[in-house]
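Worksheet: one structure, shown below.
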Amino acid sequence: MGRRGLVIIGFTAALSGALAACSPAPKPASDAAPAGKAGSTLATVQKHGYVSCGASQANAGFSLPDDKGYWRGLDIDMCRAVAAAVLGDQDKARFVPLTGQQRLTALQTGEIDLLPRTTTWTMARDANGVNFTFPNYYDYTGFMVRAATGATKPADIKGASVCVQTGSITEVIFADVSWRQKLDLKPVIFDNVSATRQAFFSGRCDALITDASSLYSVRATQSKNPDDYVIFAANDEANPLTPAVRHGDDQWFDIVKWVFQAQITAEYLGITSANVDEMLKSEDPAIRRLLGVEAGYGKALGLREDWAYQIIKQVGNYGEVYDRNVGKDSKLKIERGLNRLQRDGGLMVPLPFS
């Protein structure tokens with residue numbers, strides 16, 4: 001069994017344990033911590049009036065300003081969802097473009113409040129000053145090469161030069177892939193995304209390696225003819241791209257985790273930005289808890305009772321966010337795959353709102 005299979009089984013087992021541990025449903029604590037506790041990230045965000053998030057510098061589908069300067073993307077919508085939950089307005093979010101080398105330091109030093117920026121959850125990162133929440137996108141590492149070469153798998157590019165961005169997990173994966181598969185690949189290193197991509201398209205490298213989602217984005221938006229390039233997996237491992245927060249603030253850690261869970265659960269329950277107002281009249285207890293009709297679940301996080309309603313109304317459920325940014329309604333048109341709900345064969349598991 002490949003490591004990707006082990007990742008899937010391990011993650012599913014962990015979530016199954018969490019589900020079992022949460023039944024039967026307890027009532028939320030009546031003495032939950034109030035909002036704005038001194039020194040907390042929540043208090044800082046409320047004082048500033050906005051959430052500060054790290055962003056990719058140019059990654060269509062995940063993080064990129066449109067032609068009017070309005071930031072859009074799957075990671076951008078993660079930050080907007082937090083702003084909607086915490087401040088009641090998805091546009092009370094600010095974005096700080098960061099390179100792969102800058103992103104974790106910016107989070108650890110307090111320059112940003114949240115890092116939703118195509119960052120793979122790894123042991124080394126987790127153990128060094130950041131807490132990863134839930135993966136908001138399961139990716140894999142891929143190679144992009146010119147279609148004219150006829151290459152369709154890693155063995156076909158043995159001895160090739162490959163453009164690699166330093167300061168990312170891709171640099172480690174590249175070395176592992178080359179060694180394990182005896183490919184003798186030649187790295188050409190750059191310290192930022194733009195330089196890495198420009199080098200590939202200018203012919204300085206035979207191949208470009210990074211997250212497959214980024215390759216689809218690059219091919220759709222930066223190549224003169226997308227059909228001139230092919231993308232294939234570098235290995236059989238899944239990359240869990242996961243928003244992160246600093247160590248030492250459990251309340252903020254919980255808020256970000258449950259903001260994402262609200263979007264997953266909304267999709268599971270069939271609640272969308274279009275029908276959420278009608279859903280407020282539902283007698284389904286799970287829907288009533290999620291939308292704050294039954295009080296107490298907002299207070300448990302230090303938020304208003306309608307925090308999840310605001311996320312769904314303003315930003316949408318996870319399926320809506322996926323489709324408009326990277327899925328069927330976007331230029332990228334990436335299949336849901338592992339990013340489907342668990343009931344549909346994916347890894348996105350709604351945890352109990354109880």
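So you can find residues: chains in the structure tokens are A, B, ... in the order shown, residues in each start at 1, and ligands are numbered from 1 in order.
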Would you tabulate, counting only C-alpha atoms, all residues of stretch 28-114 of chain A that have an atom at most 10 Å from an atom of stretch 235-253 of chain A, showing the closest pair of atoms and their distance in Å to one decimal, sorted by chain then ascending number, as a Markdown table?
```
| residue | atom | partner | partner_atom | distance |
| --- | --- | --- | --- | --- |
| A:Ala33 | CA | A:Gln251 | CA | 8.7 |
| A:Ala35 | CA | A:Gln251 | CA | 9.6 |
| A:Lys37 | CA | A:Gln251 | CA | 9.4 |
| A:Gly39 | CA | A:Asp249 | CA | 9.2 |
| A:Ser40 | CA | A:Asp249 | CA | 6.6 |
| A:Thr41 | CA | A:Trp252 | CA | 6.2 |
| A:Leu42 | CA | A:Trp252 | CA | 6.3 |
| A:Ala43 | CA | A:Trp252 | CA | 9.7 |
| A:Cys53 | CA | A:Pro243 | CA | 9.9 |
| A:Gly54 | CA | A:Pro243 | CA | 9.8 |
| A:Asp75 | CA | A:Pro243 | CA | 8.2 |
| A:Met78 | CA | A:Pro243 | CA | 8.2 |
| A:Cys79 | CA | A:Pro243 | CA | 9.2 |
| A:Leu104 | CA | A:Ala244 | CA | 8.9 |
| A:Ala106 | CA | A:Arg246 | CA | 9.9 |
| A:Leu107 | CA | A:Arg246 | CA | 6.3 |
| A:Gln108 | CA | A:Arg246 | CA | 5.7 |
| A:Thr109 | CA | A:Arg246 | CA | 8.7 |
| A:Gly110 | CA | A:Arg246 | CA | 8.1 |
| A:Ile112 | CA | A:Val245 | CA | 9.1 |
| A:Asp113 | CA | A:Val245 | CA | 6.9 |
| A:Leu114 | CA | A:Val245 | CA | 5.3 |
```
Saved selection, atoms kept: all heavy atoms, as a short mmCIF file (atom, residue, chain, number, x, y, z; two decimals), in the first residue's frame:
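The result, stored in part-v3.cif:
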```cif
data_model
loop_
_atom_site.label_atom_id
_atom_site.label_comp_id
_atom_site.auth_asym_id
_atom_site.auth_seq_id
_atom_site.Cartn_x
_atom_site.Cartn_y
_atom_site.Cartn_z
N ALA A 33 -15.99 30.99 27.47
CA ALA A 33 -15.16 32.19 27.52
C ALA A 33 -15.79 33.30 26.70
O ALA A 33 -16.24 33.08 25.57
CB ALA A 33 -13.77 31.86 26.97
N ALA A 35 -16.03 36.76 24.34
CA ALA A 35 -15.22 37.24 23.23
C ALA A 35 -14.25 38.30 23.73
O ALA A 35 -14.50 39.01 24.70
CB ALA A 35 -16.13 37.83 22.15
N LYS A 37 -11.02 38.11 24.90
CA LYS A 37 -10.15 37.89 26.05
C LYS A 37 -8.81 38.58 25.81
O LYS A 37 -8.23 38.50 24.73
CB LYS A 37 -9.95 36.39 26.25
CG LYS A 37 -9.16 36.06 27.51
CD LYS A 37 -9.18 34.58 27.77
CE LYS A 37 -8.49 33.80 26.67
NZ LYS A 37 -8.42 32.36 26.97
N GLY A 39 -5.25 39.74 25.18
CA GLY A 39 -4.07 39.07 24.67
C GLY A 39 -4.34 38.03 23.64
O GLY A 39 -3.41 37.47 23.08
N SER A 40 -5.60 37.72 23.35
CA SER A 40 -5.90 36.67 22.39
C SER A 40 -5.91 37.22 20.97
O SER A 40 -6.04 38.43 20.75
CB SER A 40 -7.26 36.06 22.70
OG SER A 40 -8.28 36.98 22.39
N THR A 41 -5.76 36.32 20.02
CA THR A 41 -5.84 36.72 18.61
C THR A 41 -7.22 37.28 18.31
O THR A 41 -7.34 38.26 17.56
CB THR A 41 -5.55 35.51 17.71
OG1 THR A 41 -4.28 34.97 18.07
CG2 THR A 41 -5.51 35.92 16.24
N LEU A 42 -8.25 36.68 18.90
CA LEU A 42 -9.61 37.19 18.68
C LEU A 42 -9.72 38.64 19.13
O LEU A 42 -10.29 39.48 18.42
CB LEU A 42 -10.63 36.32 19.42
CG LEU A 42 -12.09 36.79 19.33
CD1 LEU A 42 -12.56 36.82 17.88
CD2 LEU A 42 -12.99 35.88 20.16
N ALA A 43 -9.16 38.95 20.29
CA ALA A 43 -9.19 40.33 20.80
C ALA A 43 -8.45 41.27 19.86
O ALA A 43 -8.90 42.39 19.59
CB ALA A 43 -8.59 40.39 22.20
N CYS A 53 -4.48 37.89 6.82
CA CYS A 53 -4.16 36.54 6.35
C CYS A 53 -2.98 36.56 5.38
O CYS A 53 -2.88 37.45 4.53
CB CYS A 53 -5.36 35.95 5.62
SG CYS A 53 -6.78 35.65 6.69
N GLY A 54 -2.14 35.56 5.48
CA GLY A 54 -1.08 35.36 4.50
C GLY A 54 -1.68 34.85 3.20
O GLY A 54 -2.66 34.10 3.21
N ASP A 75 -8.28 29.78 -0.92
CA ASP A 75 -7.65 30.20 0.34
C ASP A 75 -8.14 31.57 0.79
O ASP A 75 -8.29 31.84 1.99
CB ASP A 75 -6.13 30.22 0.19
CG ASP A 75 -5.54 28.81 0.12
OD1 ASP A 75 -6.18 27.88 0.65
OD2 ASP A 75 -4.47 28.65 -0.46
N MET A 78 -11.30 31.13 2.56
CA MET A 78 -11.12 30.64 3.93
C MET A 78 -10.95 31.82 4.88
O MET A 78 -11.56 31.87 5.96
CB MET A 78 -9.88 29.74 3.99
CG MET A 78 -9.57 29.19 5.37
SD MET A 78 -10.78 27.97 5.94
CE MET A 78 -10.78 28.30 7.70
N CYS A 79 -10.16 32.80 4.48
CA CYS A 79 -9.96 33.99 5.31
C CYS A 79 -11.25 34.80 5.40
O CYS A 79 -11.61 35.29 6.47
CB CYS A 79 -8.84 34.83 4.73
SG CYS A 79 -8.36 36.24 5.77
N LEU A 104 5.64 31.15 7.09
CA LEU A 104 5.56 30.64 8.45
C LEU A 104 6.11 31.64 9.46
O LEU A 104 5.59 31.79 10.56
CB LEU A 104 6.30 29.30 8.56
CG LEU A 104 5.66 28.17 7.74
CD1 LEU A 104 6.52 26.91 7.80
CD2 LEU A 104 4.26 27.85 8.26
N ALA A 106 6.00 34.87 9.15
CA ALA A 106 4.99 35.92 9.27
C ALA A 106 3.90 35.51 10.26
O ALA A 106 3.39 36.35 11.03
CB ALA A 106 4.38 36.22 7.91
N LEU A 107 3.55 34.25 10.27
CA LEU A 107 2.53 33.77 11.21
C LEU A 107 3.10 33.72 12.63
O LEU A 107 2.46 34.19 13.59
CB LEU A 107 2.06 32.37 10.79
CG LEU A 107 1.02 31.72 11.70
CD1 LEU A 107 -0.26 32.52 11.71
CD2 LEU A 107 0.74 30.28 11.24
N GLN A 108 4.30 33.18 12.78
CA GLN A 108 4.89 33.03 14.11
C GLN A 108 5.18 34.36 14.79
O GLN A 108 5.09 34.47 16.01
CB GLN A 108 6.18 32.20 13.99
CG GLN A 108 5.92 30.75 13.62
CD GLN A 108 7.18 30.03 13.17
OE1 GLN A 108 8.02 30.60 12.48
NE2 GLN A 108 7.33 28.78 13.57
N THR A 109 5.51 35.37 14.01
CA THR A 109 5.86 36.67 14.60
C THR A 109 4.65 37.58 14.79
O THR A 109 4.79 38.70 15.30
CB THR A 109 6.88 37.40 13.71
OG1 THR A 109 6.31 37.58 12.40
CG2 THR A 109 8.18 36.62 13.60
N GLY A 110 3.46 37.14 14.37
CA GLY A 110 2.26 37.95 14.56
C GLY A 110 1.98 38.94 13.45
O GLY A 110 1.07 39.76 13.58
N ILE A 112 0.69 38.21 10.68
CA ILE A 112 -0.64 37.82 10.21
C ILE A 112 -1.33 37.01 11.30
O ILE A 112 -0.69 36.46 12.20
CB ILE A 112 -0.55 36.98 8.91
CG1 ILE A 112 0.33 35.74 9.12
CG2 ILE A 112 -0.03 37.83 7.76
CD1 ILE A 112 0.37 34.80 7.94
N ASP A 113 -2.68 36.92 11.20
CA ASP A 113 -3.47 36.17 12.19
C ASP A 113 -3.71 34.73 11.75
O ASP A 113 -3.99 33.86 12.58
CB ASP A 113 -4.83 36.85 12.39
CG ASP A 113 -4.70 38.32 12.75
OD1 ASP A 113 -3.96 38.62 13.72
OD2 ASP A 113 -5.31 39.17 12.07
N LEU A 114 -3.63 34.50 10.46
CA LEU A 114 -4.01 33.20 9.90
C LEU A 114 -3.23 32.97 8.61
O LEU A 114 -3.01 33.92 7.85
CB LEU A 114 -5.53 33.19 9.63
CG LEU A 114 -6.14 32.05 8.85
CD1 LEU A 114 -5.97 30.73 9.60
CD2 LEU A 114 -7.62 32.32 8.59
#
```
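Of the residues in stretch 156-333 of chain A, those that DSSP places in strand (DSSP E or B) on the basis of the backbone are Ser161, Val162, Cys163, Val164, Gln165, Lys186, Pro187, Val188, Ile189, Phe190, Ala207, Leu208, Ile209, Thr210, Asp211, Tyr229, Val230, Ile231, Phe232, Ala233, Asn239, Pro240, Leu241, Ala244, Val245 and Arg246 of chain A.
Between atom CA of A:Asp206 and atom CA of A:Lys331 the separation is 25.2 Å.
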task: Have a look at A:Asp329, A:Glu111, A:Asp211, A:Asp306 and name the one nearest to A:Leu87; count only C-alpha atoms.
output: A:Asp306
field: Contacts of A:Ala295 at 9 Å (only C-alpha atoms; same-chain gap of 4+ positions) as a list in words
entry: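 Near A:Ala295, the qualifying residues are Arg288, Arg289, Lys299, Glu305 and Asp306 of chain A.
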query: Nearest to A:Gln342 among A:Thr265, A:Thr141, A:Asn192, A:Ser202, with distances taken over only C-alpha atoms: which residue is it?
result: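 Using only C-alpha atoms, A:Gln342 sits closest to A:Thr265.
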- prompt: Using only C-alpha atoms, which residue out of A:Ser52, A:Ser223, A:Asn325, A:Thr119 lies closest to A:Thr99?
  reply: A:Thr119
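Distances from A:Val259, A:Val177, A:Cys163, A:Leu291 to A:Ser194 were compared using only C-alpha atoms, and the smallest one belongs to A:Cys163.
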Selection: 7 Å around A:Ile311, only C-alpha atoms, excl. self and same-chain fewer than 6 positions, as a PDB file with C-alpha atoms, in the first residue's frame:
```
ATOM      1  CA  ALA A  81     -15.175  32.956   6.114  1.00  0.00           C
ATOM      2  CA  ALA A  84     -17.643  36.710   8.426  1.00  0.00           C
ATOM      3  CA  ALA A  85     -17.722  34.512  11.533  1.00  0.00           C
TER       4      ALA A  85
END
```
query: So which bits of stretch 31-165 of chain A end up alpha helix (DSSP H) when you DSSP the backbone, as number ranges by chain?
result: A: 41-48, 74-87, 103-108, 123-126
task: With a distance cut-off of 7 Å and only C-alpha atoms, select the neighbouring residues of A:Arg80, excluding the residue or stretch itself and same-chain residues fewer than 4 positions from it, and output the selection as a list in words.
output: Ile76, Ala84, Gln90, Asp91 and Ala93 of chain A
Include N, CA, C and O atoms and write out the residues we just selected as an mmCIF file, in the first residue's frame.
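Result file out-v7.cif:
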```
data_model
loop_
_atom_site.group_PDB
_atom_site.id
_atom_site.type_symbol
_atom_site.label_atom_id
_atom_site.label_comp_id
_atom_site.auth_asym_id
_atom_site.auth_seq_id
_atom_site.Cartn_x
_atom_site.Cartn_y
_atom_site.Cartn_z
ATOM 1 N N ILE A 76 -8.393 32.433 -0.173
ATOM 2 C CA ILE A 76 -8.938 33.753 0.153
ATOM 3 C C ILE A 76 -10.304 33.605 0.817
ATOM 4 O O ILE A 76 -10.612 34.287 1.814
ATOM 5 N N ALA A 84 -16.185 36.720 8.296
ATOM 6 C CA ALA A 84 -17.643 36.710 8.426
ATOM 7 C C ALA A 84 -18.069 36.166 9.785
ATOM 8 O O ALA A 84 -19.005 36.685 10.417
ATOM 9 N N GLN A 90 -17.525 39.476 5.560
ATOM 10 C CA GLN A 90 -16.446 38.762 4.862
ATOM 11 C C GLN A 90 -15.375 39.690 4.302
ATOM 12 O O GLN A 90 -14.242 39.273 4.067
ATOM 13 N N ASP A 91 -15.713 40.946 4.070
ATOM 14 C CA ASP A 91 -14.740 41.871 3.491
ATOM 15 C C ASP A 91 -13.858 42.544 4.538
ATOM 16 O O ASP A 91 -13.017 43.378 4.194
ATOM 17 N N ALA A 93 -11.306 41.523 5.822
ATOM 18 C CA ALA A 93 -10.130 40.654 5.733
ATOM 19 C C ALA A 93 -9.078 41.374 4.916
ATOM 20 O O ALA A 93 -9.406 42.052 3.937
#
```
